[in-house]
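File shown here: entry-v9.txt, holding compact mmCIF, C-alpha atoms.
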```txt
# COMPACT_ATOMS: atom_id res chain seq x y z
CA MET A 1 243.33 157.02 101.22
CA HIS A 2 246.81 157.30 99.68
CA ARG A 3 250.05 157.11 101.62
CA SER A 4 253.58 156.83 100.31
CA GLY A 5 257.07 158.01 100.99
CA SER A 6 256.85 160.74 98.36
CA GLN A 7 254.31 162.43 96.11
CA THR A 8 254.61 162.08 92.37
CA ASP A 9 255.23 165.44 90.71
CA GLY A 10 257.59 164.43 87.91
CA PRO A 11 257.22 164.97 84.17
CA GLY A 12 254.19 163.30 82.69
CA ALA A 13 252.72 162.54 86.10
CA ASN A 14 249.34 163.87 85.02
CA ALA A 15 249.22 161.96 81.75
CA PRO A 16 246.64 159.17 81.46
CA MET A 17 248.02 155.64 81.74
CA ASP A 18 247.47 154.36 78.22
CA ARG A 19 249.65 151.25 78.19
CA PRO A 20 248.16 147.77 77.80
CA ILE A 21 248.00 145.66 80.95
CA ILE A 22 248.40 141.91 81.48
CA VAL A 23 246.96 140.87 84.83
CA HIS A 24 247.62 137.70 86.83
CA SER A 25 244.83 137.13 89.32
CA HIS A 26 243.94 134.57 91.97
CA LEU A 27 240.34 135.82 91.75
CA ARG A 28 238.01 135.17 88.86
CA TRP A 29 236.49 138.08 87.00
CA ASP A 30 232.94 136.79 87.51
CA PHE A 31 233.42 136.23 91.25
CA VAL A 32 232.44 138.94 93.74
CA TRP A 33 232.96 142.38 92.17
CA GLN A 34 235.76 143.87 94.27
CA ARG A 35 239.11 145.66 94.10
CA PRO A 36 240.53 144.10 90.89
CA GLN A 37 237.35 144.62 88.90
CA GLN A 38 236.84 148.15 90.25
CA ILE A 39 240.37 149.22 89.29
CA LEU A 40 240.82 147.35 86.03
CA SER A 41 237.41 148.20 84.58
CA ARG A 42 238.37 151.86 84.94
CA LEU A 43 241.89 151.42 83.56
CA ALA A 44 240.34 149.64 80.57
CA ALA A 45 238.84 152.96 79.51
CA HIS A 46 242.37 153.98 78.50
CA ALA A 47 244.00 150.74 77.30
CA PRO A 48 243.22 147.04 76.82
CA VAL A 49 243.44 144.67 79.79
CA LEU A 50 244.19 140.95 79.52
CA PHE A 51 242.95 139.34 82.73
CA ILE A 52 244.58 135.92 83.12
CA GLU A 53 242.94 133.76 85.77
CA GLU A 54 244.28 130.77 87.64
CA PRO A 55 243.86 127.50 85.72
CA THR A 56 240.73 125.41 85.78
CA PHE A 57 241.79 121.75 85.97
CA LEU A 58 239.76 119.20 84.04
CA ASP A 59 239.83 115.47 84.76
CA ASP A 60 238.98 114.48 81.21
CA ALA A 61 241.11 117.04 79.38
CA ILE A 62 243.56 115.73 76.79
CA GLY A 63 245.18 119.03 75.96
CA SER A 64 245.21 122.59 77.27
CA ARG A 65 243.38 125.63 75.98
CA LEU A 66 242.81 129.29 76.80
CA ASP A 67 239.25 130.58 76.54
CA ILE A 68 239.02 134.28 75.74
CA SER A 69 235.90 136.35 76.44
CA VAL A 70 235.08 140.03 76.90
CA PRO A 71 233.13 140.45 80.18
CA PHE A 72 233.63 144.23 80.25
CA ALA A 73 234.52 146.80 77.61
CA ASN A 74 238.20 146.44 76.64
CA VAL A 75 238.77 143.69 79.25
CA PHE A 76 239.78 140.32 77.78
CA ARG A 77 239.25 137.50 80.25
CA ALA A 78 241.56 134.51 79.73
CA VAL A 79 240.57 131.26 81.46
CA PRO A 80 243.16 128.46 81.15
CA TYR A 81 241.90 124.87 81.04
CA ILE A 82 244.58 122.32 81.89
CA PRO A 83 244.56 118.55 82.53
CA SER A 84 244.10 117.69 86.20
CA GLY A 85 247.48 115.96 86.30
CA TYR A 86 249.04 119.40 86.68
CA ARG A 87 246.91 120.34 89.69
CA ASP A 88 249.82 120.02 92.13
CA GLU A 89 252.50 121.02 89.62
CA HIS A 90 252.20 124.76 90.03
CA ASP A 91 255.22 125.83 88.01
CA ALA A 92 254.52 123.37 85.20
CA ALA A 93 250.92 124.62 85.06
CA ALA A 94 252.10 128.24 85.06
CA ALA A 95 254.47 127.45 82.18
CA ILE A 96 251.55 126.06 80.19
CA VAL A 97 249.47 129.17 80.91
CA ARG A 98 252.39 131.39 79.90
CA SER A 99 252.73 129.56 76.58
CA LEU A 100 248.98 129.70 75.94
CA ALA A 101 248.89 133.43 76.68
CA GLN A 102 251.92 134.17 74.51
CA ASP A 103 250.37 132.24 71.65
CA ALA A 104 247.02 133.99 72.05
CA ILE A 105 248.66 137.42 72.06
CA ALA A 106 250.54 136.54 68.88
CA ARG A 107 247.77 134.74 66.99
CA ASP A 108 244.29 135.51 68.34
CA ALA A 109 242.70 138.16 66.14
CA ARG A 110 241.08 139.79 69.18
CA LEU A 111 244.43 140.27 70.94
CA LYS A 112 246.98 140.55 68.17
CA GLY A 113 248.79 143.87 68.23
CA LEU A 114 247.19 145.03 71.49
CA PHE A 115 249.70 143.87 74.09
CA SER A 116 253.11 144.99 72.88
CA ASN A 117 255.38 146.04 75.79
CA PRO A 118 252.57 145.87 78.35
CA ILE A 119 252.52 146.48 82.05
CA GLN A 120 252.37 143.21 83.99
CA TRP A 121 250.04 143.55 86.97
CA PHE A 122 250.05 140.92 89.72
CA TYR A 123 247.47 140.20 92.42
CA SER A 124 249.25 137.05 93.54
CA ALA A 125 252.93 136.19 93.46
CA ILE A 126 252.33 132.50 92.86
CA THR A 127 253.09 132.69 89.11
CA ALA A 128 255.82 135.34 89.35
CA PRO A 129 258.73 132.97 88.53
CA SER A 130 257.03 131.95 85.27
CA MET A 131 255.46 135.23 84.19
CA LEU A 132 258.03 137.91 84.98
CA GLY A 133 259.89 138.76 81.79
CA ALA A 134 257.60 136.63 79.65
CA PHE A 135 255.74 139.39 77.79
CA ASN A 136 258.42 142.04 77.10
CA GLU A 137 256.79 144.15 79.77
CA ILE A 138 257.74 147.78 80.23
CA ALA A 139 256.87 147.74 83.96
CA VAL A 140 255.72 145.46 86.76
CA VAL A 141 252.95 146.42 89.22
CA TYR A 142 252.12 144.45 92.36
CA ASP A 143 248.72 145.35 93.77
CA CYS A 144 248.81 143.58 97.14
CA MET A 145 245.21 143.51 98.33
CA ASP A 146 245.64 140.79 100.99
CA GLU A 147 248.34 138.84 102.81
CA LEU A 148 247.55 135.72 100.81
CA ALA A 149 250.21 133.61 102.53
CA GLN A 150 248.04 133.69 105.66
CA PHE A 151 244.91 132.45 103.91
CA ARG A 152 243.63 128.89 104.13
CA PHE A 153 245.18 126.53 101.56
CA ALA A 154 247.91 129.05 100.65
CA HIS A 155 250.85 127.73 98.65
CA PRO A 156 253.73 127.07 101.10
CA ASP A 157 256.23 128.78 98.79
CA LEU A 158 254.18 131.97 98.47
CA PRO A 159 256.36 134.16 100.76
CA ARG A 160 259.50 133.40 98.74
CA ARG A 161 257.69 134.04 95.48
CA GLU A 162 256.43 137.34 96.82
CA ARG A 163 260.00 138.38 97.63
CA LEU A 164 260.87 137.63 94.02
CA LEU A 165 257.94 139.74 92.80
CA LEU A 166 258.85 142.61 95.12
CA ALA A 167 262.44 142.50 93.88
CA ASN A 168 261.22 142.98 90.29
CA ALA A 169 258.24 145.31 90.79
CA ASP A 170 258.50 148.93 89.69
CA VAL A 171 255.67 150.05 91.96
CA VAL A 172 253.72 148.34 94.73
CA PHE A 173 250.20 149.21 95.88
CA THR A 174 248.59 147.86 99.04
CA GLY A 175 244.94 147.62 99.97
CA GLY A 176 245.52 148.16 103.69
CA TYR A 177 247.72 150.40 105.79
CA LYS A 178 249.11 147.49 107.78
CA LEU A 179 250.04 145.85 104.48
CA TYR A 180 251.74 149.10 103.47
CA GLU A 181 253.82 149.07 106.62
CA ALA A 182 254.78 145.43 106.01
CA LYS A 183 255.71 145.75 102.31
CA ARG A 184 257.59 149.05 102.47
CA ARG A 185 260.35 147.22 104.35
CA TYR A 186 261.11 145.37 101.12
CA HIS A 187 260.50 148.00 98.44
CA SER A 188 261.19 151.72 98.08
CA ASN A 189 258.13 152.57 95.99
CA VAL A 190 255.12 151.33 97.98
CA HIS A 191 251.82 153.23 98.16
CA PHE A 192 248.72 152.63 100.26
CA PHE A 193 245.40 152.82 98.43
CA GLY A 194 242.65 151.57 100.68
CA CYS A 195 238.99 151.07 99.95
CA GLY A 196 237.25 152.91 97.20
CA VAL A 197 233.54 152.97 96.59
CA ASP A 198 231.08 153.25 93.72
CA PHE A 199 229.21 155.99 95.53
CA ALA A 200 226.60 156.48 92.81
CA LEU A 201 225.62 152.82 93.02
CA PHE A 202 225.44 152.33 96.78
CA SER A 203 223.86 155.69 97.55
CA LYS A 204 220.83 154.34 95.65
CA ALA A 205 219.97 152.59 98.91
CA CYS A 206 219.02 156.03 100.27
CA ILE A 207 216.41 156.91 97.67
CA PRO A 208 212.73 155.91 97.66
CA GLU A 209 212.85 154.59 94.10
CA THR A 210 215.18 151.74 95.07
CA PRO A 211 213.17 148.68 96.15
CA ILE A 212 214.18 146.38 98.97
CA ALA A 213 215.26 142.97 97.70
CA PRO A 214 212.25 140.63 97.72
CA GLU A 215 214.24 137.96 99.60
CA ILE A 216 214.40 140.16 102.71
CA ILE A 217 211.51 142.61 102.47
CA ASP A 218 209.19 140.54 104.68
CA LEU A 219 211.76 139.34 107.21
CA PRO A 220 211.23 140.18 110.90
CA GLN A 221 212.89 143.40 111.98
CA PRO A 222 215.54 144.46 112.73
CA VAL A 223 217.65 142.97 109.96
CA TYR A 224 221.35 142.53 110.70
CA GLY A 225 222.97 142.19 107.29
CA TYR A 226 226.28 141.35 105.63
CA PHE A 227 227.32 141.07 102.01
CA GLY A 228 230.65 139.76 100.76
CA VAL A 229 232.65 136.57 100.51
CA ILE A 230 231.79 134.00 103.18
CA ASP A 231 235.01 132.17 104.02
CA GLU A 232 237.52 131.58 106.82
CA ARG A 233 237.52 135.30 107.64
CA ILE A 234 234.01 135.19 109.12
CA ASP A 235 233.42 134.53 112.83
CA TYR A 236 230.65 131.96 112.63
CA ASP A 237 230.29 131.63 116.39
CA LEU A 238 229.63 135.37 116.48
CA ILE A 239 226.89 135.02 113.85
CA ALA A 240 225.27 132.27 115.91
CA GLN A 241 225.51 134.33 119.10
CA LEU A 242 223.97 137.39 117.45
CA ALA A 243 221.08 135.30 116.12
CA GLU A 244 220.50 133.62 119.49
CA SER A 245 220.66 136.91 121.40
CA SER A 246 218.26 138.59 118.96
CA SER A 247 215.72 135.86 118.34
CA GLU A 248 213.12 138.39 117.22
CA ALA A 249 215.52 139.77 114.57
CA SER A 250 216.87 138.45 111.27
CA VAL A 251 220.50 137.83 110.39
CA VAL A 252 221.09 137.97 106.62
CA MET A 253 224.33 136.78 104.99
CA VAL A 254 224.67 137.56 101.28
CA GLY A 255 227.60 136.15 99.35
CA PRO A 256 229.29 133.05 97.96
CA VAL A 257 230.58 130.40 100.38
CA VAL A 258 234.18 129.43 99.64
CA LYS A 259 236.85 127.39 101.45
CA VAL A 260 234.40 126.43 104.20
CA ASP A 261 231.89 123.57 104.27
CA PRO A 262 228.38 125.01 103.75
CA ASN A 263 227.08 122.32 106.09
CA SER A 264 229.20 123.77 108.89
CA LEU A 265 227.52 127.18 108.78
CA PRO A 266 225.42 127.97 111.87
CA GLN A 267 221.75 127.27 111.32
CA ALA A 268 218.78 128.91 113.01
CA SER A 269 215.33 129.98 111.96
CA ASN A 270 216.44 133.63 111.90
CA ILE A 271 219.75 133.14 110.01
CA HIS A 272 219.40 133.45 106.25
CA TRP A 273 222.26 132.34 103.97
CA LEU A 274 221.27 133.82 100.61
CA GLY A 275 224.32 133.02 98.49
CA LYS A 276 225.88 135.16 95.80
CA ARG A 277 223.90 138.04 94.34
CA GLU A 278 224.73 140.37 91.45
CA TYR A 279 226.86 143.37 92.39
CA GLN A 280 224.45 145.84 90.81
CA ASN A 281 221.65 144.49 93.03
CA LEU A 282 223.47 144.90 96.34
CA PRO A 283 221.89 148.32 97.08
CA THR A 284 218.49 146.60 97.21
CA PHE A 285 219.79 144.34 99.95
CA VAL A 286 221.62 146.96 101.98
CA LYS A 287 218.53 149.18 101.83
CA GLY A 288 216.72 146.47 103.78
CA PHE A 289 219.49 146.11 106.39
CA THR A 290 218.82 147.84 109.69
CA VAL A 291 222.46 147.44 110.73
CA CYS A 292 225.37 146.43 108.49
CA LEU A 293 227.74 143.84 109.89
CA MET A 294 231.46 143.19 109.54
CA PRO A 295 231.65 140.02 111.67
CA PHE A 296 235.25 139.12 110.95
CA ALA A 297 237.16 136.53 112.91
CA MET A 298 240.34 137.77 114.53
CA ASN A 299 242.79 135.42 112.85
CA GLU A 300 245.72 135.41 110.43
CA ALA A 301 243.46 135.80 107.41
CA THR A 302 242.01 139.09 108.71
CA GLU A 303 245.18 140.62 110.15
CA TYR A 304 245.81 142.75 107.04
CA ILE A 305 242.36 143.18 105.49
CA ASN A 306 240.80 146.56 104.73
CA PRO A 307 237.22 145.61 103.78
CA THR A 308 235.86 147.29 100.66
CA LYS A 309 232.33 146.92 101.99
CA THR A 310 232.96 149.50 104.73
CA LEU A 311 232.58 152.48 102.42
CA GLU A 312 229.77 150.76 100.51
CA TYR A 313 227.81 150.48 103.75
CA MET A 314 228.60 154.14 104.51
CA ALA A 315 227.39 155.29 101.08
CA ALA A 316 224.11 153.51 101.85
CA ARG A 317 223.83 155.57 105.06
CA LYS A 318 223.63 152.59 107.37
CA PRO A 319 225.01 152.05 110.89
CA ILE A 320 227.95 149.63 110.90
CA VAL A 321 229.27 147.30 113.58
CA SER A 322 232.59 145.50 113.19
CA THR A 323 235.00 143.33 115.08
CA ALA A 324 238.36 144.95 115.85
CA VAL A 325 240.11 144.41 112.51
CA PRO A 326 243.23 146.66 112.70
CA ASP A 327 242.62 148.64 109.49
CA VAL A 328 238.95 149.16 110.35
CA VAL A 329 239.93 150.51 113.75
CA ARG A 330 242.53 152.80 112.19
CA ASN A 331 240.60 154.05 109.17
CA PHE A 332 236.90 154.02 110.01
CA THR A 333 236.23 154.70 113.67
CA PRO A 334 234.16 156.22 115.15
CA ILE A 335 231.80 155.99 112.15
CA VAL A 336 232.10 152.22 112.41
CA ARG A 337 231.32 150.93 115.89
CA VAL A 338 234.05 148.46 116.83
CA ALA A 339 233.51 145.61 119.29
CA LYS A 340 236.30 143.93 121.22
CA SER A 341 234.24 140.96 122.37
CA PRO A 342 231.27 138.94 121.08
CA GLU A 343 229.08 140.34 123.84
CA GLN A 344 230.00 143.90 122.89
CA PHE A 345 229.35 143.15 119.21
CA VAL A 346 225.83 141.97 120.00
CA ALA A 347 225.20 144.94 122.28
CA LEU A 348 226.44 147.48 119.70
CA ALA A 349 224.35 145.90 116.96
CA GLN A 350 221.22 145.97 119.09
CA ARG A 351 221.86 149.55 120.16
CA ALA A 352 222.44 150.68 116.57
CA ALA A 353 219.18 149.04 115.52
CA LYS A 354 217.21 150.86 118.20
CA SER A 355 218.85 154.28 117.99
CA PRO A 356 221.21 154.88 115.04
CA ASP A 357 223.55 157.85 115.43
CA LEU A 358 222.38 160.28 112.74
CA VAL A 359 225.53 162.40 112.99
CA LEU A 360 227.76 159.40 112.35
CA LEU A 361 225.58 158.28 109.46
CA ALA A 362 225.99 161.69 107.82
CA GLU A 363 229.76 161.59 108.41
CA GLY A 364 229.87 158.17 106.80
CA VAL A 365 228.12 159.44 103.68
CA LYS A 366 230.62 162.31 103.42
CA LYS A 367 233.59 159.99 103.87
CA ALA A 368 232.32 157.60 101.21
CA ASN A 369 231.64 160.44 98.78
CA ARG A 370 235.30 161.50 99.02
CA ALA A 371 236.69 158.02 98.32
CA SER A 372 235.81 157.25 94.72
CA TRP A 373 237.49 154.50 92.74
CA GLU A 374 238.01 157.06 89.97
CA SER A 375 240.28 159.11 92.23
CA ILE A 376 242.24 156.04 93.31
CA VAL A 377 242.75 154.84 89.74
CA SER A 378 243.86 158.29 88.62
CA GLN A 379 246.51 158.41 91.33
CA MET A 380 247.68 154.88 90.54
CA GLY A 381 248.06 155.79 86.87
CA LYS A 382 250.24 158.78 87.70
CA LEU A 383 252.48 156.67 89.92
CA ILE A 384 252.86 153.98 87.27
CA ASN A 385 253.73 156.55 84.60
CA SER A 386 256.28 158.08 86.92
CA ALA A 387 257.81 154.68 87.72
CA ILE A 388 258.21 153.96 84.01
CA GLU A 389 259.79 157.34 83.31
CA ASP A 390 262.11 157.16 86.31
CA ALA A 391 263.29 153.61 85.61
CA LYS A 392 267.01 153.16 85.10
CA PRO A 393 268.01 152.23 81.53
CA GLU A 394 268.78 148.65 82.50
CA ARG A 395 265.21 148.25 83.83
CA LEU A 396 264.00 148.88 80.29
CA GLU A 397 266.37 146.33 78.79
CA ILE A 398 263.70 143.65 78.63
CA ALA A 399 266.09 140.86 77.76
CA SER A 400 267.92 141.28 81.07
CA ARG A 401 264.87 140.48 83.21
CA PRO A 402 264.81 136.67 82.90
CA ALA A 403 268.51 136.32 83.81
CA ARG A 404 268.03 138.35 86.98
CA LEU A 405 264.93 136.37 87.82
CA THR A 406 266.72 133.06 87.51
CA GLU A 407 269.41 134.28 89.85
CA LEU A 408 266.91 135.50 92.42
CA ALA A 409 264.70 132.44 92.23
CA VAL A 410 267.34 130.09 93.63
CA GLN A 411 268.27 132.26 96.60
```

Could you render the structure as structure tokens?
Amino acid sequence: MHRSGSQTDGPGANAPMDRPIIVHSHLRWDFVWQRPQQILSRLAAHAPVLFIEEPTFLDDAIGSRLDISVPFANVFRAVPYIPSGYRDEHDAAAAIVRSLAQDAIARDARLKGLFSNPIQWFYSAITAPSMLGAFNEIAVVYDCMDELAQFRFAHPDLPRRERLLLANADVVFTGGYKLYEAKRRYHSNVHFFGCGVDFALFSKACIPETPIAPEIIDLPQPVYGYFGVIDERIDYDLIAQLAESSSEASVVMVGPVVKVDPNSLPQASNIHWLGKREYQNLPTFVKGFTVCLMPFAMNEATEYINPTKTLEYMAARKPIVSTAVPDVVRNFTPIVRVAKSPEQFVALAQRAAKSPDLVLLAEGVKKANRASWESIVSQMGKLINSAIEDAKPERLEIASRPARLTELAVQ
């Protein structure tokens, strides 16, 4: 799952990454458990992680505050609460968050002394102008899991801010191969790490002891199922067509609805919108799926995605049908059946329900078993250590970072 211009063999490459990490995330820790949580929960076994979320804006707030909690061992979740007047003042809001975080690191008994010369780790470039250089960081990591500039409601200045982040990053990871090809044009140390999987968790769907989720156990068969975020990346017309063409079957959609109006979702007696469910319970749902769906719309938001759920479905030993998302086509065929039209999607789903390919199911289990998050995190740690050790002396002169950032920011 790893691709880069060179392999890391330098001194210390095999040492564990034991430096504290400050993360800037556009996703909340308690949202759907996905790439950030998978990676950072494992890195937290070696060093503390401060996970700073985007602000929550409050209409009745007089001042600002930073709420600190510990949702996972050695992970400190920081949720900024800011008056709503800053909702459209992104840089002013980021400056407030920066000040709150700096104060917490200096004064909060839970954080004090833990985050000296950390690694700064970005999932979004939106706060890069405010955060780069703000914590005496020893290195900057950009884990680019999506092309966020192409998502609905994206900040119009995001591409320029990403160029700033790329100019100051020591190492860049991408969640998709197409993203890797796009970002390596702007940085010399880019590495592709695609989907990982918690194989032990999702393979529970294969054992008799795992029950089928009560919400779906009595639904008419076959069950065409999906779990994940339900947003602008889903092809809702395709969901409606599948349900209409398979009136005797059930279509189950598990996951939170975001950035789309719930009232606009297609409705039918055999479509079941179940909402968000706990990550640890997902094997009980996928066990009850006859066929696993990846019904993604072919639009800007899906051009660069590499869905984590692909390997999770494989670990559960289920047939999978997807639309022709580029990274799915490249990385997961023929195990995943790919449709190039709505009619073909329906036909492939119905065929998989009637006669699943046992050879492909077995190949999927093998592929998932080889793609653990532990392996991915280990490789990332080696690359980060190497980037720190190989950095030029001026890259470690922390005081020089803000001046270079100011110069870049106005270009």

Q: Compare A:Ile105, A:Ile96, A:Leu358, A:Ile271 by their minimum atom-to-atom distance to Ser130 (chain A), counting all atoms listed in the file, and give me the closest one.
A: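 Once distances to Ser130 (chain A) are computed over all atoms listed in the file, the minimum belongs to A:Ile96.
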
Q) Hey, which of A:Asn263, A:Ser375, A:Ser41, A:Gln102 ends up closest to Phe76 (chain A)? Count all atoms listed in the file. A)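 Between A:Asn263, A:Ser375, A:Ser41, A:Gln102, the residue approaching Phe76 (chain A) most closely is A:Ser41.
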
(Q) For region 278-281 of chain A, find every residue with an atom within 8 Å (counting all atoms listed in the file), except residues of its own chain fewer than 4 positions away, and show them as number ranges by chain. (A) A: 32-33, 201, 285

Suppose we keep C-alpha atoms; can you now write the selection as a PDB file, in the frame of the given file?
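Once everything was written out, this is out17.pdb:
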```pdb
ATOM      1  CA  VAL A  32     232.440 138.940  93.740  1.00  0.00           C
ATOM      2  CA  TRP A  33     232.960 142.380  92.170  1.00  0.00           C
ATOM      3  CA  LEU A 201     225.620 152.820  93.020  1.00  0.00           C
ATOM      4  CA  PHE A 285     219.790 144.340  99.950  1.00  0.00           C
TER       5      PHE A 285
END
```

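If only C-alpha atoms are the atoms counted, then among A:Ser84, A:Gln34, A:Ser203, A:Ser245 the closest residue to Lys366 (chain A) is A:Ser203.
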
Using only C-alpha atoms, which protein or nucleic acid residues come within 6 Å of region 306-309 of chain A? Drop anything in the same chain fewer than 6 positions from it, and give the result as an mmCIF file with C-alpha atoms, in the coordinates of the input.
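Produced file selection_9.cif, reproduced below:
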```
data_model
loop_
_atom_site.group_PDB
_atom_site.id
_atom_site.type_symbol
_atom_site.label_atom_id
_atom_site.label_comp_id
_atom_site.auth_asym_id
_atom_site.auth_seq_id
_atom_site.Cartn_x
_atom_site.Cartn_y
_atom_site.Cartn_z
ATOM 1 C CA GLY A 176 245.520 148.160 103.690
ATOM 2 C CA CYS A 195 238.990 151.070 99.950
ATOM 3 C CA ASP A 327 242.620 148.640 109.490
#
```

Q) What would the list of residues within 12 Å of (264.2, 148.4, 93.0) (file frame) look like as a PyMOL selection string, if all atoms listed in the file are what count? A) chain A and resi 139-140+163-172+184+186-190+387+390-392+394-395

(Q) Quick check, in Å to one decimal: how far apart do CA of Trp373 (chain A) and CA of Arg35 (chain A) lie? (A)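 Rounded to one decimal, the two atoms are 9.1 Å apart.
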
Q: State, in Å with one decimal place, the distance from CA of Val291 (chain A) to CA of Met145 (chain A).
A: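 Atom-to-atom, CA of Val291 (chain A) to CA of Met145 (chain A), that is 26.2 Å.
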
Q | Nearest-residue call for Gln267 (chain A), choices A:Leu293, A:Ala240, A:Ala78, A:Val251, using all atoms listed in the file | A |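 Using all atoms listed in the file, the shortest distance to Gln267 (chain A) belongs to A:Ala240.
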
Q.
Under the rule that all atoms listed in the file are counted, which of A:Val49, A:Ala94, A:Cys292, A:Ile305 is the nearest residue to Val336 (chain A)?
A.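 Of the candidates, the smallest distance to Val336 (chain A) is held by A:Cys292.
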
Q.
Need the shell around Pro319 (chain A): protein/DNA/RNA residues with any atom at most 9 Å away, counting all atoms listed in the file. Skip same-chain ones fewer than 6 positions apart. Format as a list in words?
A.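 The contact residues come out as Thr290, Val291, Cys292, Leu293, Tyr313, Ile335, Val336, Arg337, Ala349, Ala352, Ala353, Pro356, Asp357, Leu358, Leu360, Leu361 and Gly364 of chain A.
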
Q: Have a look at A:Asp237, A:Asp59, A:Glu389, A:Glu374 and name the one nearest to Glu343 (chain A); count only C-alpha atoms.
A: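 Answer, going by the shortest atom-to-atom distance: A:Asp237.
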
Q: May I have the residues at most 12 Å from (242.3, 146.6, 111.5) in the file's coordinates, counting only C-alpha atoms, as a ChimeraX atom specification?
A: /A:175-179,194,294,296-307,310,322-333,336,338-340

Keeping C-alpha atoms, export the residues of the selection given above as a PDB file, keeping the file's coordinate frame.
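Final output, out-v6.pdb:
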```pdb
ATOM      1  CA  GLY A 175     244.940 147.620  99.970  1.00  0.00           C
ATOM      2  CA  GLY A 176     245.520 148.160 103.690  1.00  0.00           C
ATOM      3  CA  TYR A 177     247.720 150.400 105.790  1.00  0.00           C
ATOM      4  CA  LYS A 178     249.110 147.490 107.780  1.00  0.00           C
ATOM      5  CA  LEU A 179     250.040 145.850 104.480  1.00  0.00           C
ATOM      6  CA  GLY A 194     242.650 151.570 100.680  1.00  0.00           C
ATOM      7  CA  MET A 294     231.460 143.190 109.540  1.00  0.00           C
ATOM      8  CA  PHE A 296     235.250 139.120 110.950  1.00  0.00           C
ATOM      9  CA  ALA A 297     237.160 136.530 112.910  1.00  0.00           C
ATOM     10  CA  MET A 298     240.340 137.770 114.530  1.00  0.00           C
ATOM     11  CA  ASN A 299     242.790 135.420 112.850  1.00  0.00           C
ATOM     12  CA  GLU A 300     245.720 135.410 110.430  1.00  0.00           C
ATOM     13  CA  ALA A 301     243.460 135.800 107.410  1.00  0.00           C
ATOM     14  CA  THR A 302     242.010 139.090 108.710  1.00  0.00           C
ATOM     15  CA  GLU A 303     245.180 140.620 110.150  1.00  0.00           C
ATOM     16  CA  TYR A 304     245.810 142.750 107.040  1.00  0.00           C
ATOM     17  CA  ILE A 305     242.360 143.180 105.490  1.00  0.00           C
ATOM     18  CA  ASN A 306     240.800 146.560 104.730  1.00  0.00           C
ATOM     19  CA  PRO A 307     237.220 145.610 103.780  1.00  0.00           C
ATOM     20  CA  THR A 310     232.960 149.500 104.730  1.00  0.00           C
ATOM     21  CA  SER A 322     232.590 145.500 113.190  1.00  0.00           C
ATOM     22  CA  THR A 323     235.000 143.330 115.080  1.00  0.00           C
ATOM     23  CA  ALA A 324     238.360 144.950 115.850  1.00  0.00           C
ATOM     24  CA  VAL A 325     240.110 144.410 112.510  1.00  0.00           C
ATOM     25  CA  PRO A 326     243.230 146.660 112.700  1.00  0.00           C
ATOM     26  CA  ASP A 327     242.620 148.640 109.490  1.00  0.00           C
ATOM     27  CA  VAL A 328     238.950 149.160 110.350  1.00  0.00           C
ATOM     28  CA  VAL A 329     239.930 150.510 113.750  1.00  0.00           C
ATOM     29  CA  ARG A 330     242.530 152.800 112.190  1.00  0.00           C
ATOM     30  CA  ASN A 331     240.600 154.050 109.170  1.00  0.00           C
ATOM     31  CA  PHE A 332     236.900 154.020 110.010  1.00  0.00           C
ATOM     32  CA  THR A 333     236.230 154.700 113.670  1.00  0.00           C
ATOM     33  CA  VAL A 336     232.100 152.220 112.410  1.00  0.00           C
ATOM     34  CA  VAL A 338     234.050 148.460 116.830  1.00  0.00           C
ATOM     35  CA  ALA A 339     233.510 145.610 119.290  1.00  0.00           C
ATOM     36  CA  LYS A 340     236.300 143.930 121.220  1.00  0.00           C
TER      37      LYS A 340
END
```

Q: Record the distance separating CA of Arg107 (chain A) and CA of Pro55 (chain A), expressed in Å with one decimal.
A: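 Straight-line distance from CA of Arg107 (chain A) to CA of Pro55 (chain A) works out to 20.5 Å.
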
(Q) For Pro208 (chain A), find every residue with an atom within 12 Å (counting all atoms listed in the file), except residues of its own chain fewer than 2 positions away, and show them as number ranges by chain. (A) A: 203-206, 210-212, 283-284, 287-288

Q.
Just want the 9 Å neighbourhood of Asn136 (chain A), counted on all atoms listed in the file, with same-chain residues fewer than 2 positions away dropped. Output as number ranges by chain.
A. A: 116-119, 132-134, 138, 398-399

What does the file look like for those residues with C-alpha atoms, as a JSON list (two decimals), keeping the file's coordinate frame?
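For reference, part_34.json as written:
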```json
[["chain", "number", "residue", "atom", "x", "y", "z"],
["A", 116, "SER", "CA", 253.11, 144.99, 72.88],
["A", 117, "ASN", "CA", 255.38, 146.04, 75.79],
["A", 118, "PRO", "CA", 252.57, 145.87, 78.35],
["A", 119, "ILE", "CA", 252.52, 146.48, 82.05],
["A", 132, "LEU", "CA", 258.03, 137.91, 84.98],
["A", 133, "GLY", "CA", 259.89, 138.76, 81.79],
["A", 134, "ALA", "CA", 257.60, 136.63, 79.65],
["A", 138, "ILE", "CA", 257.74, 147.78, 80.23],
["A", 398, "ILE", "CA", 263.70, 143.65, 78.63],
["A", 399, "ALA", "CA", 266.09, 140.86, 77.76]]
```
